[in-house]
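Colleague: Supplied in structure tokens, the structure appears directly below.
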Amino acid sequence: MLGWVVGGVGTFVVSLITACLFLHVRCRKIGRPFGPRARPWAIFIVTGTALLSTALGLVILAASQQPPAAYLGILVPGGLWIAGVTPRDRPGWLTRPLGRLYDSMGEDMQAWCDVRRRAAAERPQWISDAVQYYAGQVEGQLKDRQARTELRRWRESIVHKISIVRLISLDTTETRLRDSLQRHASTRHIGKYSADDLPRLALRLETEALNELNLYLAYVYRLGHHRLLIYPFRPSVHRTPREDVPRGRREEMK
């Protein structure tokens, strides 16, 4: 009897840990399996997998009468790591929970991106500053050349478009604006426009830059960078005026 208890508990604990590891590996570059919305489904999946593994282990134990044989049940969590298969090919007991998990991870990712996008949308310049702020934390750490290239492409496009929005707000000349539009592939396709179209052009470019910031953030999130501070709500941005005054000047103000 003691062997049954030890075998069952041991199988459950090991299977639970193994299932969590396999689930993290499976969701790599997709999202956070234990995010706020995805967590209930992740817990359901790993717990169900561990229970199934324990039941299988006890069946093996009953058949073999050898307590170590119960640990063969830990092979069940391997079902969470089935690479390169479609939902139709997955085991039936995984299809619906994994589908719900992926949906919830997508909602977590979009909520994460929305908070940072809305913060940057307050001012056009903040969109450009935000993408450069996030790039400074992420791009230098990436070893994947394709990921670096993709992020750099979005970043350069965002910075370029916001620079043109700023030019329009400064009432730049038509020649300078035309030259600026031709400097980057993302704006080179823009055709002729009249002076009355400039506010509309600025709004269009700002909207495109904001959408590209959302794509940038989603890509960063899927790469595993989930703890980025929200720009511009950073400690360095919210220094009090007194902190910006030199010490000698502060003493004179006392």
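Just so we're on the same page: first chain in the structure tokens is A, next is B, and so on; residues restart at 1 for each chain, and ligands are numbered from 1 in the order they show up.
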Each residue of segment 112-227 of chain A lying at most 10 Å from segment 19-29 of chain A should get a row with its shortest atom-to-atom pair and the distance in Å to one decimal, counting only C-alpha atoms; could you produce that, ordered by chain and increasing number, as a tab-separated table?

Modeller:
residue	atom	partner	partner_atom	distance
A:Tyr219	CA	A:Lys29	CA	8.6
A:Val220	CA	A:Lys29	CA	9.2
A:Tyr221	CA	A:Lys29	CA	8.1
A:Arg222	CA	A:Lys29	CA	4.5
A:Leu223	CA	A:Lys29	CA	5.0
A:Gly224	CA	A:Lys29	CA	6.7

Colleague: From a DSSP calculation on the backbone, collect every residue of segment 10-222 of chain A in alpha helix (DSSP H) and output the set as a PyMOL selection string.

Modeller: chain A and resi 10-26+39-64+92-120+124-138+145-169+174-182+198-222

Colleague: Rank A:Thr54, A:Thr49, A:Thr173, A:Gln182 by their smallest atom-to-atom distance to Gly10 of chain A, using only C-alpha atoms, and report the top residue only.

Modeller: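 With only C-alpha atoms as the atom set, the closest residue is A:Thr54.
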
Colleague: Go through A:Arg166, A:Arg183, A:His226, A:Leu151 and flag the residue nearest Gly35 of chain A, using only C-alpha atoms for the distances.

Modeller: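 The closest residue to Gly35 of chain A is A:His226.
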
Colleague: Restricting the calculation to only C-alpha atoms: of A:Leu56, A:Val165, A:Arg96, A:Val14, which residue gets closest to Phe44 of chain A?

Modeller: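 Under the stated criterion, the closest residue is A:Arg96.
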
Colleague: Which residues are close to Arg118 of chain A, i.e. within 10 Å by only C-alpha atoms, leaving aside same-chain residues fewer than 5 positions away? Reply as a list of chain:residue names.

Modeller: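 Surrounding residues, per the criterion: A:Cys113, A:Arg123, A:Ile127, A:Leu210, A:Asn214, A:Ile230, A:Tyr231.
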
Colleague: Can you work out the spacing between atom CA of Arg155 of chain A and atom CA of Arg32 of chain A in Å, to one decimal?

Modeller: 24.0 Å

Colleague: Between atom CA of Leu101 of chain A and atom CA of Pro33 of chain A, what is the spacing in Å?

Modeller: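 One can read the atom CA of Pro33 of chain A to atom CA of Leu101 of chain A distance as 7.0 Å.
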
Colleague: Give me the segment 97-145 of chain A side of the contact with segment 157-164 of chain A, cut-off 9 Å, one line per residue showing its nearest atom pair and distance in Å at one decimal, counting only C-alpha atoms, sorted by chain and residue number, as a Markdown table.

Modeller:
| residue | atom | partner | partner_atom | distance |
| --- | --- | --- | --- | --- |
| A:Pro124 | CA | A:Ile162 | CA | 6.5 |
| A:Gln125 | CA | A:Ile162 | CA | 6.5 |
| A:Ile127 | CA | A:Ile162 | CA | 7.5 |
| A:Ser128 | CA | A:Val159 | CA | 5.0 |
| A:Asp129 | CA | A:Val159 | CA | 8.0 |
| A:Val131 | CA | A:Ile158 | CA | 7.6 |
| A:Gln132 | CA | A:Val159 | CA | 8.2 |

Colleague: Just give me the gap between atom CA of Arg176 of chain A and atom CA of Arg200 of chain A in Å, one decimal is fine.

Modeller: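 Atom CA of Arg200 of chain A lies at a distance of 17.9 Å from atom CA of Arg176 of chain A.
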
Colleague: Have a look at A:Leu167, A:Leu215, A:Ala42, A:Ala50 and name the one nearest to Val9 of chain A; count only C-alpha atoms.

Modeller: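 The closest residue to Val9 of chain A is A:Ala50.
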
Colleague: Considering only C-alpha atoms, state which residue in the set A:Asp114, A:Thr95, A:His225, A:Pro36 is at the smallest distance from Gln141 of chain A.

Modeller: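 The closest residue to Gln141 of chain A is A:His225.
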